[in-house]
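What follows is one structure encoded as structure tokens, with my remarks underneath.
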Amino acid sequence: MDLRAPLQLQAMIKSMTDVVLPALDPANQMAQEQAQLILGMMHLMAVRLPMEYHYDIDQLKRYLALAGELQETVTGGPLTNAALETLVQSSLSGTDCLTRPQVSPGDLEAAVLDLRTQISGLVEALWQDGEADCRAVAGKAVLAAAKEQILRERAWFVPQGWDADTSAIPAIETLIDFPTPPGQTGA
Amino acid sequence: MFDKDRPSDAWLSSLRDRFPCEPEVDRFLSSKLERRAGPGYAPVSLATLCAGVEALLRPNLDSHFELSNARWLTGGASKLQMAFDLTWRPNAEAEQTTPMVLRMQPAESIVETSRLREFQLINACADVVPVPPAYWVDADGEYLPYPGLVYGLAAGATKPSSGVGGEVSGMGTDYGPRLRELLAPQFVHILARIHTHDWQGVELSAFEIPGPGTVTAERQLNWWSRVAEEDGLADIPLLTLAAQWLRANLPSLDRVSILHGDYRCGNFLFDEASGKITAWLDWELGHLGDRHEDLAWVTTRTWGHPDPDTGVDLVCGMMPKPEFLAAYEQASSLAVNLETLRYYQVLNTWKTAIMSHHTSYRAAHGGKTHQDVLVAWCIGVSSKFTEQLNEVLEEVM
């Protein structure tokens with residue numbers, strides 16, 4: 001099967017650029033704007049699609065690390081304990097995902113979303129009946145983990161052009177251990 | 001995982017119980033959920049919109065009128081806008097042709113708001129600050145495919161013709177030294193006039209008048225907590241943490257003000273030659289509340305940019321933050337409480353992250369807007385807001 005996403009995207013970008021965009025009515029502002037965005041979205045897909053699997057593996061590893069840190073440090077009342085138990089189950093499922101051979105991209109994404117939800121649930125419970133000291137520790141752990149996640153998101157969306165100066169944002173490949181072919185740098 | 005694309009009545013009821021909001025906010029959020037399982041946004045032709053506007057105007061105008069030159073407008077990430085010319089006899093005067101805009105919401109959008117509130121707020125401030133005249137509102141979509149309002153097309157530009165930045169919703173607009181000097185004092189004084197405007201006796205029935213204490217902050221917190229629940233694909237620990245901090249640190253209100261809700265570069269028009277601000281737009285997030293909410297919004301770093309000469313961050317491309325706050329205090333004779341300002345910095349960045357991350361996802365996922373590709377594109381900017389949220393939470397926690 002040789003018709004894969006990279007070729008499809010390349011062909012669509014060329015068609016949009018060479019044929020569709022020049023043919024649009026310049027007075028139709030909405031069509032002009034959306035055509036440009038479609039082109040931008042296809043460029044983003046072209047550079048990021050090959051990395052999505054690596055991105056999710058990296059993301060899952062970091063959410064598992066945060067979940068582990070919280071499980072070790074958090075104590076509290078019935079709500080906190082119930083949230084902890086649920087998080088333990090999600091962590092086991094997430095770890096299984098990482099170690100299972102040939103895990104599907106869909107399973108990886110589902111594990112990430114589940115951990116996001118259960119960690120959030122623990123934070124919410126902690127603020128209801130958790131130990132006050134634990135809140136501070138958990139808060140710092142969540143902020144530190146968020147910082148890493150945000151850095152990756154900033155790097156991921158660099159091609160969208162939200163930042164005038166991207167010199168302080170590392171290439172996404174270096175953050176998610178994506179193998180870069182020799183002589184190439186990340187977008 | 002719970003299917004938010006097919007919300008049940010029981011879930012809606014539980015959200016209303018958990019997050020009490022202003023009645024009109026509750027109404028439009030509930031209406032959004034009631035529509036969610038229904039169809040996505042179906043393209044509407046200019047002819048259909050013109051017919052809807054004519055139906056809206058007919059009961060309101062005694063004499064003959066005619067719509068012409070209908071065309072699409074762009075520039076916003078949330079509402080559908082059509083410009084047109086209306087030939088009519090306002091107040092039995094001589095016939096004239098007035099450029100108008102129809103602003104209509106799609107099935108869902110990046111931010112769910114009320115056209116009635118927007119209409120009332122523009123009219124409430126019409127004698128105080130430059131706004132486009134708001135003529136008619138179809139609050140429930142009785143005449144138009146969805147709720148909408150008709151206002152006069154104001155003249156002016158949102159950014160300089162030779163400027164830098166501002167490509168996306170006005171963010172980072174660099175007005176340059178000449179315009180900056182002309183615009184900055186007006187920018188401060190108009191905000192001060194909005195906040196000090198005596199709103200008592202003005203028609204603002206779509207708004208709840210905040211009581212004393214922490215109610216106004218709590219209403220905002222509930223509003224956006226509910227939106228996060230309704231729209232998010234999955235909770236995000238940072239946003240949940242921010243919500244806990246916000247609930248534990250609600251500030252008291254010292255004075256009720258009209259708030260614009262989205263006061264920043266990109267949301268006002270100006271005459272490039274004279275540097276005069278001609279109209280303030282986009283009042284959809286406005287409400288009665290704490291002036292610090294607007295002040296924190298204005299000073300959000302994402303809207304501004306560093307001064308090219310000094311490297312100092314300029315609030316909305318106007319002036320450094322300390323100068324802005326001092327000028328505001330002088331213009332309004334109202335004090336700025338830095339602790340309250342910090343609270344609303346957390347609330348605003350959290351709220352913006354919810355819109356750009358959760359609501360953008362849900363609206364585009366459901367095919368609910370006239371510009372899903374733009375709405376989906378906006379998810380990419382959410383990390384700029386979560387980065388700021390993370391920074392400010394590190395300072396306060």
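Here's how to read the names in the structure tokens: chain A, B, ... by the order shown, residue numbers from 1 in each chain, ligand numbers from 1 in the order shown.
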For chain A versus chain B, which residues have an atom no more than 10 Å away, and what is each residue's nearest atom pair and distance in Å rounded to one decimal, using only C-alpha atoms, chain-then-number order, as CSV?
```
residue,atom,partner,partner_atom,distance
A:Ala27,CA,B:Arg71,CA,8.6
A:Asn28,CA,B:Trp72,CA,6.8
A:Gln29,CA,B:Thr74,CA,6.2
A:Met30,CA,B:Thr74,CA,5.8
A:Ala31,CA,B:Trp72,CA,9.3
A:Gln32,CA,B:Thr74,CA,9.7
A:Glu33,CA,B:Thr74,CA,7.8
A:Gln34,CA,B:Val373,CA,6.7
A:Ala35,CA,B:Val373,CA,9.2
A:Gln36,CA,B:Leu374,CA,9.9
A:Leu37,CA,B:Val373,CA,6.6
A:Ile38,CA,B:Val373,CA,6.7
A:Gly40,CA,B:Trp377,CA,8.9
A:Met41,CA,B:Trp377,CA,7.4
A:Tyr63,CA,B:Pro237,CA,9.9
A:Ala110,CA,B:Met1,CA,9.8
A:Val112,CA,B:Ala234,CA,9.4
A:Leu113,CA,B:Ala234,CA,5.8
A:Asp114,CA,B:Ala234,CA,7.6
A:Leu115,CA,B:Ala234,CA,9.2
A:Arg116,CA,B:Ile236,CA,5.6
A:Thr117,CA,B:Asp235,CA,4.9
A:Gln118,CA,B:Asp235,CA,8.3
A:Ile119,CA,B:Pro237,CA,6.1
A:Ser120,CA,B:Pro237,CA,4.5
A:Gly121,CA,B:Thr240,CA,8.2
A:Leu122,CA,B:Pro237,CA,9.0
A:Val123,CA,B:Leu241,CA,6.4
A:Glu124,CA,B:Thr240,CA,6.8
A:Ala125,CA,B:Gln244,CA,9.8
A:Leu126,CA,B:Gln244,CA,9.4
A:Trp127,CA,B:Gln244,CA,6.5
A:Gln128,CA,B:Gln244,CA,9.1
A:Arg135,CA,B:Leu241,CA,9.7
A:Ala136,CA,B:Met397,CA,7.4
A:Ala138,CA,B:Leu241,CA,9.3
A:Gly139,CA,B:Leu241,CA,6.9
A:Lys140,CA,B:Glu394,CA,7.7
A:Val142,CA,B:Leu238,CA,6.4
A:Leu143,CA,B:Asn390,CA,6.3
A:Ala144,CA,B:Asn390,CA,8.7
A:Ala145,CA,B:Leu238,CA,8.8
A:Ala146,CA,B:Leu238,CA,6.3
A:Lys147,CA,B:Asn390,CA,7.0
A:Gln149,CA,B:Ser383,CA,9.0
A:Ile150,CA,B:Ser383,CA,5.7
A:Leu151,CA,B:Ser383,CA,8.1
A:Arg152,CA,B:Ser383,CA,9.1
A:Glu153,CA,B:Ser383,CA,6.1
A:Arg154,CA,B:Ser383,CA,6.0
A:Ala155,CA,B:Ser383,CA,9.7
A:Trp156,CA,B:Gly380,CA,8.5
A:Phe157,CA,B:Gly380,CA,5.7
A:Val158,CA,B:Gly380,CA,8.8
A:Pro159,CA,B:Gly380,CA,9.8
A:Gln160,CA,B:Gly380,CA,7.4
A:Gly161,CA,B:Val381,CA,9.5
A:Trp162,CA,B:Val381,CA,6.7
A:Asp163,CA,B:Lys384,CA,9.1
A:Ala164,CA,B:Gly165,CA,8.4
```
Region 47-57 of chain B environment, 6 Å, only C-alpha atoms, sequence neighbours closer than 4 positions dropped, as an mmCIF file with C-alpha atoms, in the first residue's frame:
```cif
data_model
loop_
_atom_site.group_PDB
_atom_site.id
_atom_site.type_symbol
_atom_site.label_atom_id
_atom_site.label_comp_id
_atom_site.auth_asym_id
_atom_site.auth_seq_id
_atom_site.Cartn_x
_atom_site.Cartn_y
_atom_site.Cartn_z
ATOM 1 C CA LEU B 61 -39.945 49.433 11.376
ATOM 2 C CA TYR B 143 -36.353 35.218 13.084
ATOM 3 C CA LEU B 144 -32.786 34.138 12.297
#
```
Requested in this report: List the neighbours of Val298 (chain B) out to 9 Å using only C-alpha atoms; skip same-chain residues closer than 6 positions along the sequence, and give me the result as a list of chain:residue names.
Outcome: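 Contacts, with the query itself left out: B:Asp262, B:Tyr263, B:Arg264, B:Cys265, B:Gly304, B:Val315, B:Cys316.
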Selected residues, N, CA, C and O atoms, written as a compact mmCIF listing (two decimals), in the first residue's frame, please.
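So selection_3.txt came out as:
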```txt
# COMPACT_ATOMS: atom_id res chain seq x y z
N ASP B 262 -13.61 41.65 27.48
CA ASP B 262 -12.59 41.26 26.50
C ASP B 262 -11.87 42.53 26.02
O ASP B 262 -11.68 42.73 24.81
N TYR B 263 -11.49 43.36 26.97
CA TYR B 263 -10.90 44.68 26.68
C TYR B 263 -9.42 44.50 26.34
O TYR B 263 -8.60 44.19 27.21
N ARG B 264 -9.09 44.67 25.07
CA ARG B 264 -7.71 44.45 24.63
C ARG B 264 -7.52 44.94 23.20
O ARG B 264 -8.49 45.32 22.52
N CYS B 265 -6.25 44.90 22.75
CA CYS B 265 -5.98 45.24 21.35
C CYS B 265 -6.72 44.25 20.45
O CYS B 265 -6.90 43.09 20.82
N GLY B 304 -0.02 41.57 24.59
CA GLY B 304 0.97 42.62 24.36
C GLY B 304 2.21 42.14 23.62
O GLY B 304 2.21 41.06 23.01
N VAL B 315 1.62 46.55 27.76
CA VAL B 315 0.26 46.07 27.94
C VAL B 315 -0.53 46.37 26.67
O VAL B 315 -0.69 47.53 26.29
N CYS B 316 -1.01 45.31 25.99
CA CYS B 316 -1.76 45.47 24.73
C CYS B 316 -1.03 46.38 23.74
O CYS B 316 -1.67 47.09 22.96
```
Requested in this report: Would you mind listing what lies within 10 Å of Gly213 (chain B) as JSON, numbers by chain, with only C-alpha atoms counted and same-chain residues fewer than 3 positions away left out?
Outcome: {"B": [210, 216, 217, 218, 250, 251, 252, 253, 254]}
Let's have the selection written as a CSV table (one decimal), in the first residue's frame, with C-alpha atoms.
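Final output, saved to result.csv:
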```csv
chain,number,residue,atom,x,y,z
B,210,PRO,CA,-23.7,41.0,42.2
B,216,THR,CA,-19.2,37.7,41.8
B,217,ALA,CA,-16.0,35.8,41.8
B,218,GLU,CA,-17.8,32.6,42.6
B,250,LEU,CA,-12.3,34.0,46.4
B,251,PRO,CA,-11.9,37.8,46.7
B,252,SER,CA,-14.5,40.1,48.1
B,253,LEU,CA,-16.1,42.7,45.8
B,254,ASP,CA,-15.6,46.4,46.8
```
Report task. DSSP on the backbone, then: every residue of region 234-375 of chain B marked strand (DSSP E or B), written as a PyMOL selection string. Result -> chain B and resi 253+257-259+268-271+276-280+287-289+305-306+313-315+319
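Straight-line separation from CA of Val88 (chain A) to CA of Ala228 (chain B): 24.7 Å.
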Query raised in the report: In Å, with one decimal, what is the gap from CA of Gly311 (chain B) to CA of Ala157 (chain B)?
Result: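 Spanning CA of Gly311 (chain B) to CA of Ala157 (chain B) is a straight-line distance of 26.1 Å.
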Query raised in the report: Looking only at the backbone, which of the residues in region 7-75 of chain A does DSSP tag as alpha helix (DSSP H), as a PyMOL selection string?
Result: chain A and resi 7-15+21-23+29-48+52-73
